[in-house]
Each structure stands twice: as C-alpha cells, then as structure tokens.
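Structure file my_file.cif; described as mmCIF, C-alpha atoms.
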```cif
data_work
loop_
_atom_site.label_atom_id
_atom_site.label_comp_id
_atom_site.auth_asym_id
_atom_site.auth_seq_id
_atom_site.Cartn_x
_atom_site.Cartn_y
_atom_site.Cartn_z
CA MET A 1085 -23.25 11.67 -5.17
CA THR A 1086 -19.75 11.40 -6.69
CA GLN A 1087 -18.21 8.04 -5.99
CA CYS A 1088 -15.42 7.71 -3.45
CA PRO A 1089 -12.52 5.30 -4.05
CA LYS A 1090 -12.97 1.92 -2.38
CA HIS A 1091 -9.27 1.02 -2.36
CA ILE A 1092 -6.47 3.58 -2.04
CA ALA A 1093 -2.79 2.74 -2.49
CA ILE A 1094 -0.23 5.12 -1.00
CA ILE A 1095 3.50 5.60 -1.59
CA PRO A 1096 4.41 7.72 1.48
CA ASP A 1097 7.59 9.24 0.08
CA GLY A 1098 9.86 11.98 1.38
CA ASN A 1099 10.52 11.15 5.04
CA GLY A 1100 14.28 11.45 4.69
CA ARG A 1101 14.19 14.66 2.65
CA TRP A 1102 11.72 16.18 5.11
CA ALA A 1103 14.22 15.56 7.91
CA THR A 1104 17.22 16.75 5.88
CA GLU A 1105 15.52 20.07 5.07
CA ARG A 1106 15.13 20.58 8.83
CA GLN A 1107 18.72 19.53 9.54
CA GLN A 1108 17.48 16.51 11.45
CA PRO A 1109 18.61 12.87 11.14
CA ARG A 1110 16.70 10.91 8.50
CA VAL A 1111 15.26 8.60 11.14
CA SER A 1112 13.30 11.50 12.63
CA GLY A 1113 11.50 11.77 9.32
CA HIS A 1114 10.52 8.10 9.48
CA LYS A 1115 9.23 8.56 13.01
CA ARG A 1116 7.14 11.57 11.97
CA GLY A 1117 5.96 9.62 8.93
CA ALA A 1118 4.70 6.77 11.13
CA GLU A 1119 2.67 9.25 13.16
CA ARG A 1120 1.24 10.70 9.96
CA LEU A 1121 0.21 7.24 8.77
CA LYS A 1122 -1.84 6.68 11.92
CA THR A 1123 -3.55 10.03 11.35
CA ILE A 1124 -4.46 9.15 7.76
CA ILE A 1125 -5.74 5.69 8.71
CA SER A 1126 -8.01 7.23 11.36
CA HIS A 1127 -9.21 9.86 8.89
CA ALA A 1128 -9.97 7.22 6.24
CA LEU A 1129 -12.47 5.70 8.67
CA SER A 1130 -14.64 8.79 8.19
CA PHE A 1131 -15.23 7.68 4.58
CA PRO A 1132 -17.49 4.61 4.77
CA GLU A 1133 -16.88 3.90 1.06
CA ILE A 1134 -13.15 3.35 1.62
CA LYS A 1135 -12.67 -0.34 2.34
CA ALA A 1136 -8.91 -0.72 1.90
CA LEU A 1137 -5.66 1.22 2.26
CA THR A 1138 -2.45 -0.33 0.94
CA ILE A 1139 0.78 1.36 2.04
CA PHE A 1140 4.19 0.91 0.41
CA GLY A 1141 6.14 0.69 3.65
CA PHE A 1142 9.47 -0.69 2.45
CA SER A 1143 10.50 -1.92 -1.00
CA THR A 1144 13.03 -4.56 -1.95
CA GLU A 1145 15.09 -1.73 -3.47
CA ASN A 1146 15.15 0.06 -0.10
CA GLN A 1147 17.51 -2.67 1.13
CA LYS A 1148 20.29 -0.67 -0.56
CA ARG A 1149 19.98 1.96 2.17
CA PRO A 1150 22.40 2.15 5.12
CA ALA A 1151 22.00 -0.77 7.53
CA THR A 1152 21.44 1.58 10.46
CA GLU A 1153 18.46 3.20 8.73
CA ILE A 1154 16.94 -0.17 7.79
CA THR A 1155 17.34 -1.42 11.35
CA PHE A 1156 15.64 1.71 12.69
CA ILE A 1157 12.71 1.31 10.27
CA MET A 1158 12.17 -2.34 11.27
CA ARG A 1159 12.32 -1.43 14.97
CA LEU A 1160 9.94 1.48 14.37
CA ILE A 1161 7.43 -0.81 12.67
CA ARG A 1162 7.59 -3.23 15.60
CA SER A 1163 7.14 -0.40 18.09
CA GLU A 1164 4.17 1.01 16.19
CA LEU A 1165 2.58 -2.44 16.01
CA ALA A 1166 2.69 -2.70 19.76
CA SER A 1167 1.08 0.72 20.19
CA ILE A 1168 -1.72 0.38 17.62
CA SER A 1169 -2.71 -3.27 17.90
CA ASP A 1170 -5.40 -2.69 20.53
CA GLU A 1171 -6.67 0.44 18.78
CA MET A 1172 -7.11 -1.38 15.48
CA ASP A 1173 -8.89 -4.15 17.32
CA LYS A 1174 -11.35 -1.66 18.83
CA LYS A 1175 -11.93 0.10 15.49
CA ASN A 1176 -12.62 -3.14 13.58
CA ILE A 1177 -9.55 -2.61 11.34
CA ARG A 1178 -7.95 -5.59 9.66
CA LEU A 1179 -4.17 -5.21 9.50
CA ARG A 1180 -1.90 -7.36 7.38
CA PHE A 1181 1.50 -7.33 5.71
CA VAL A 1182 2.54 -8.46 2.23
CA GLY A 1183 6.02 -8.99 0.85
CA ASP A 1184 8.94 -11.38 1.05
CA ARG A 1185 8.76 -12.49 4.68
CA SER A 1186 12.11 -14.24 4.50
CA HIS A 1187 13.64 -10.76 4.98
CA TYR A 1188 11.56 -9.88 8.06
CA PRO A 1189 13.48 -9.90 11.36
CA LYS A 1190 12.21 -12.85 13.43
CA THR A 1191 10.96 -10.69 16.30
CA LEU A 1192 9.08 -8.44 13.88
CA LEU A 1193 7.61 -11.41 12.04
CA THR A 1194 6.31 -12.84 15.33
CA ASP A 1195 4.60 -9.55 16.17
CA ILE A 1196 3.19 -9.20 12.65
CA GLU A 1197 1.68 -12.68 12.72
CA ALA A 1198 0.15 -12.04 16.15
CA THR A 1199 -1.47 -8.78 14.98
CA GLU A 1200 -2.73 -10.36 11.77
CA GLU A 1201 -4.28 -13.20 13.74
CA LYS A 1202 -5.87 -10.75 16.19
CA THR A 1203 -7.50 -8.66 13.46
CA LYS A 1204 -8.14 -11.21 10.69
CA HIS A 1205 -11.89 -11.42 11.26
CA HIS A 1206 -12.44 -7.66 11.34
CA THR A 1207 -14.84 -6.41 8.71
CA GLY A 1208 -14.03 -2.70 8.64
CA LEU A 1209 -11.11 -1.04 6.87
CA THR A 1210 -8.36 -3.37 5.61
CA VAL A 1211 -4.92 -1.80 6.04
CA THR A 1212 -2.13 -3.59 4.17
CA ILE A 1213 1.52 -2.71 4.69
CA ALA A 1214 3.80 -3.75 1.82
CA LEU A 1215 7.13 -4.61 3.47
CA HIS A 1216 10.15 -5.97 1.55
CA TYR A 1217 7.79 -5.86 -1.40
CA SER A 1218 8.05 -5.14 -5.11
CA GLY A 1219 5.56 -5.52 -7.93
CA ARG A 1220 7.98 -7.65 -9.94
CA TRP A 1221 8.54 -9.95 -6.96
CA ASP A 1222 4.79 -10.25 -6.50
CA ILE A 1223 4.19 -11.26 -10.11
CA ALA A 1224 7.14 -13.70 -10.09
CA GLN A 1225 6.03 -15.48 -6.92
CA ALA A 1226 2.45 -15.73 -8.26
CA VAL A 1227 3.64 -17.26 -11.54
CA GLN A 1228 5.83 -19.70 -9.62
CA LYS A 1229 2.84 -20.88 -7.59
CA GLU A 1230 0.74 -21.39 -10.70
CA HIS A 1231 3.60 -23.23 -12.41
CA GLN A 1232 3.91 -25.52 -9.40
CA LEU A 1233 0.23 -26.48 -9.73
CA LEU A 1234 0.89 -27.28 -13.39
CA ALA A 1235 3.96 -29.36 -12.51
CA ASP A 1236 2.00 -31.25 -9.84
CA GLY A 1237 -0.76 -32.08 -12.30
CA HIS A 1238 -3.42 -29.90 -10.66
CA LEU A 1239 -3.62 -27.68 -13.75
CA SER A 1240 -3.45 -28.31 -17.47
CA ALA A 1241 -1.77 -25.99 -19.94
CA SER A 1242 -5.19 -24.90 -21.22
CA ASP A 1243 -6.05 -23.61 -17.73
CA ILE A 1244 -3.30 -21.02 -17.92
CA LYS A 1245 -4.66 -17.87 -19.47
CA PRO A 1246 -3.74 -14.17 -19.39
CA GLY A 1247 -4.06 -13.10 -15.78
CA SER A 1248 -4.87 -16.54 -14.38
CA PHE A 1249 -1.92 -16.22 -12.00
CA THR A 1250 -3.49 -13.18 -10.33
CA ARG A 1251 -5.25 -15.39 -7.77
CA PHE A 1252 -1.80 -15.83 -6.22
CA LEU A 1253 -0.91 -12.13 -6.04
CA SER A 1254 -0.49 -10.62 -2.58
CA LEU A 1255 -3.63 -8.48 -2.93
CA HIS A 1256 -5.72 -11.06 -4.78
CA ASP A 1257 -8.62 -10.77 -2.33
CA LEU A 1258 -8.96 -6.99 -2.65
CA PRO A 1259 -10.37 -4.92 -5.50
CA GLU A 1260 -7.69 -3.23 -7.58
CA PRO A 1261 -6.78 0.23 -6.24
CA ASP A 1262 -8.99 3.02 -7.54
CA LEU A 1263 -6.53 5.72 -6.50
CA LEU A 1264 -2.76 5.87 -5.96
CA ILE A 1265 -1.37 8.72 -3.88
CA ARG A 1266 2.34 9.47 -4.00
CA THR A 1267 3.92 12.26 -1.99
CA SER A 1268 7.21 14.23 -2.30
CA GLY A 1269 6.88 15.27 -5.95
CA GLU A 1270 8.06 12.02 -7.52
CA GLN A 1271 5.86 10.94 -10.44
CA ARG A 1272 6.40 7.21 -10.83
CA ILE A 1273 5.02 4.04 -9.28
CA SER A 1274 8.43 2.62 -8.33
CA ASN A 1275 7.70 -1.09 -8.75
CA PHE A 1276 4.58 -0.96 -6.59
CA CYS A 1277 1.54 -3.12 -7.42
CA LEU A 1278 2.52 -3.27 -11.10
CA TRP A 1279 -0.34 -5.55 -12.14
CA GLN A 1280 -2.99 -3.96 -9.91
CA LEU A 1281 -2.41 -0.33 -10.96
CA ALA A 1282 -3.36 -0.85 -14.62
CA TYR A 1283 -6.43 1.42 -14.42
CA THR A 1284 -5.73 3.26 -11.19
CA GLU A 1285 -6.03 7.05 -11.05
CA LEU A 1286 -2.64 8.54 -10.12
CA TYR A 1287 -2.36 11.50 -7.75
CA PHE A 1288 1.01 13.15 -7.17
CA THR A 1289 1.71 15.91 -4.67
CA GLU A 1290 4.84 17.91 -3.86
CA CYS A 1291 4.10 17.54 -0.14
CA PHE A 1292 6.51 15.33 1.81
CA TRP A 1293 4.77 12.49 3.62
CA PRO A 1294 5.44 13.84 7.16
CA ASP A 1295 3.44 16.96 6.17
CA PHE A 1296 0.63 15.06 4.41
CA ASP A 1297 -2.39 15.82 6.56
CA THR A 1298 -6.12 15.20 6.37
CA ASP A 1299 -6.64 18.22 4.10
CA HIS A 1300 -4.14 16.78 1.61
CA PHE A 1301 -5.95 13.44 1.78
CA ASP A 1302 -9.29 15.13 1.10
CA LYS A 1303 -7.77 16.93 -1.92
CA ALA A 1304 -6.66 13.56 -3.31
CA ILE A 1305 -10.19 12.22 -2.88
CA ALA A 1306 -11.61 15.30 -4.61
CA TYR A 1307 -9.16 14.78 -7.50
CA PHE A 1308 -10.36 11.20 -7.88
CA GLN A 1309 -13.98 12.34 -7.88
CA SER A 1310 -13.21 14.80 -10.69
CA ARG A 1311 -11.91 12.05 -12.94
CA GLN A 1312 -14.01 10.25 -15.53
CA ARG A 1313 -13.01 6.60 -15.46
CA ARG A 1314 -13.49 4.87 -18.82
CA PHE A 1315 -11.54 1.60 -18.44
CA GLY A 1316 -10.88 1.67 -22.18
CA ASN A 1317 -14.48 2.48 -23.08
CA ILE A 1318 -15.96 5.78 -24.33
CA THR A 1319 -18.41 8.10 -22.61
CA PRO A 1320 -22.11 8.24 -23.59
CA GLN A 1321 -21.45 11.73 -24.99
CA GLU A 1322 -18.68 10.40 -27.24
CA SER A 1323 -20.82 7.51 -28.46
CA SER A 1324 -23.40 9.96 -29.79
CA LEU A 1325 -20.88 11.76 -32.00
#
```
File written out as structure tokens:
Amino acid sequence: MTQCPKHIAIIPDGNGRWATERQQPRVSGHKRGAERLKTIISHALSFPEIKALTIFGFSTENQKRPATEITFIMRLIRSELASISDEMDKKNIRLRFVGDRSHYPKTLLTDIEATEEKTKHHTGLTVTIALHYSGRWDIAQAVQKEHQLLADGHLSASDIKPGSFTRFLSLHDLPEPDLLIRTSGEQRISNFCLWQLAYTELYFTECFWPDFDTDHFDKAIAYFQSRQRRFGNITPQESSL
C-alpha cells in the first residue's frame, strides 16, 4: 500500500480573493474559510496514517493588513474555538497554537490556553494553528533559547551543533511535514516552517481555500503518493546503473 503522509502542513490562501471575485467583503471569505477548515480536519480523521495537521492561520506579515480585517480574524478564531472545543474533545483531537503570543488579544489567549489544556492529553490527530507566526521568528526564538542555556552555563560551546537548536522550535515534538498544501495558485512557502520544510513535498493548487473540498484534499494525498522521496539518496534502480 502506498504510504500516506503522517504530517500535512497547509497554507490556506485565497479567502480575500474568493470574496472579491463574488463582490463580497473580504471577511466573508475568512468566514467561509473557517468552515472549510473544519471540513478538512474532519475529513483528515478518515486517514488513520495522518497524525498531524499544521495550518498557517495568520503570519507576522499579515499584521500589515487593515486593522478591521485583523480584528475580525481574531474574533472569528475565538468564535470558532468556542464552537469546536467540545467536538475536538469528543473526537480525541489535540488542538494547539504556535507563534508569538505577545500579539494575541488577551481574551483570545485565555480561550486558546483553555482549549489547549482541555485537549492536551488527546492521542488522535494533532491540529496546530500557526498564529502571528513566521519561520524566521521561529528559528530566531529557538536560537535565543539555546544561547540562553549557553550563557547560563547549562551548555558548552561544543554542545552547539548544526540543528541543535531545533529542540526549541515550535513544532519540535512533531515529525517534519511530509506534504505542504498551498491553495490559490501561489507557489511559495511564504516564511512558513522554514526549517521543517527542507524535504517536504510541495503541492500547489489554483483553487481558493474556501472552495478547497475533500476531493481536492484527496488529490493532494494522491500527488504525495505518486512522489518518490529520496532525501538526498538514490533509488535502487539508479544504484544498479
């Protein structure tokens, strides 16, 4: 049987453009996108091999957007948390957030911490929402933590090796993503999980996120299964040449 990805990262792009094409306010696209995310999370549960979904919910660069849109997104996240908390509890889903929490509104942070506490012992699918997150921020904060251990005398210079700081990365306890899905036709990773995506298979689709349904998700899985992952090695066929 062809292997299924264990960890899938998603950049759910195109909410605003989806709304604009329909002459609707951008916020309606975000609302539809939130509904789509719940659909995809539920569908992922039908693949026992999938153990983690990591969603790029809001980047540090997104703070350049209009304040009204940012406020709506934060309120939408809080509203969705309230509606899905019990469902995730029943489905054995672990929900957590990663990113610079100093930017989280206090009311949202309180709700996030309560949901994380409620689901932290769940052993099913781990859903991680990256909020006020960037890959560069993640690497910088991890290096700072390692440097602090060195400054405090808990590490020696010889302990610091390539990649030793990765134990402090936001997703340090998860396997690196096998598959990245990005919607809306953009073909870049946009400062998302820069360290973790080194050997990730990249799947890009023209579909805007609000239209990304279970069939689109299945096509992304099929694409992954068609790939031959070498991790810098060669195939047995090539070694015989």
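For the atom pair formed by CA of His1206 in chain A and CA of Ser1169 in chain A, the distance is 12.5 Å, given to one decimal.
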Counting only C-alpha atoms, which residues in range 1249-1310 of chain A sit no more than 6 Å from range 1216-1237 of chain A? For each one, give the nearest pair of atoms and the distance in Å, sorted by chain then residue number, as CSV.
```
residue,atom,partner,partner_atom,distance
A:Phe1249,CA,A:Val1227,CA,5.7
A:Phe1252,CA,A:Ala1226,CA,4.7
A:Leu1253,CA,A:Ala1226,CA,5.4
A:Asn1275,CA,A:Gly1219,CA,5.0
A:Phe1276,CA,A:Gly1219,CA,4.9
A:Cys1277,CA,A:Gly1219,CA,4.7
A:Leu1278,CA,A:Gly1219,CA,4.9
```
Taking all atoms listed in the file into account, which of A:Tyr1287, A:His1205, A:Pro1261, A:His1187 comes nearest Gln1147 in chain A? A:His1187
Protein/DNA/RNA residues near (3.3, 15.8, 8.9), cut 9 Å, only C-alpha atoms, as a list in words: Arg1116, Gly1117, Glu1119, Arg1120, Phe1292, Trp1293, Pro1294, Asp1295, Phe1296 and Asp1297 of chain A
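As for CA of Ile1213 in chain A and CA of Lys1175 in chain A, they are spaced 17.5 Å apart.
Residues captured in this structure file are Asn1099, Gly1100, Pro1109, Arg1110, Val1111, Ser1112, Gly1113, His1114, Lys1115, Phe1142, Asn1146, Gln1147, Lys1148, Arg1149, Pro1150, Ile1154, Thr1155, Phe1156, Ile1157, Met1158, Arg1159 and Leu1160 of chain A, according to the PyMOL selection byres ((chain A and resi 1151-1153) around 12).
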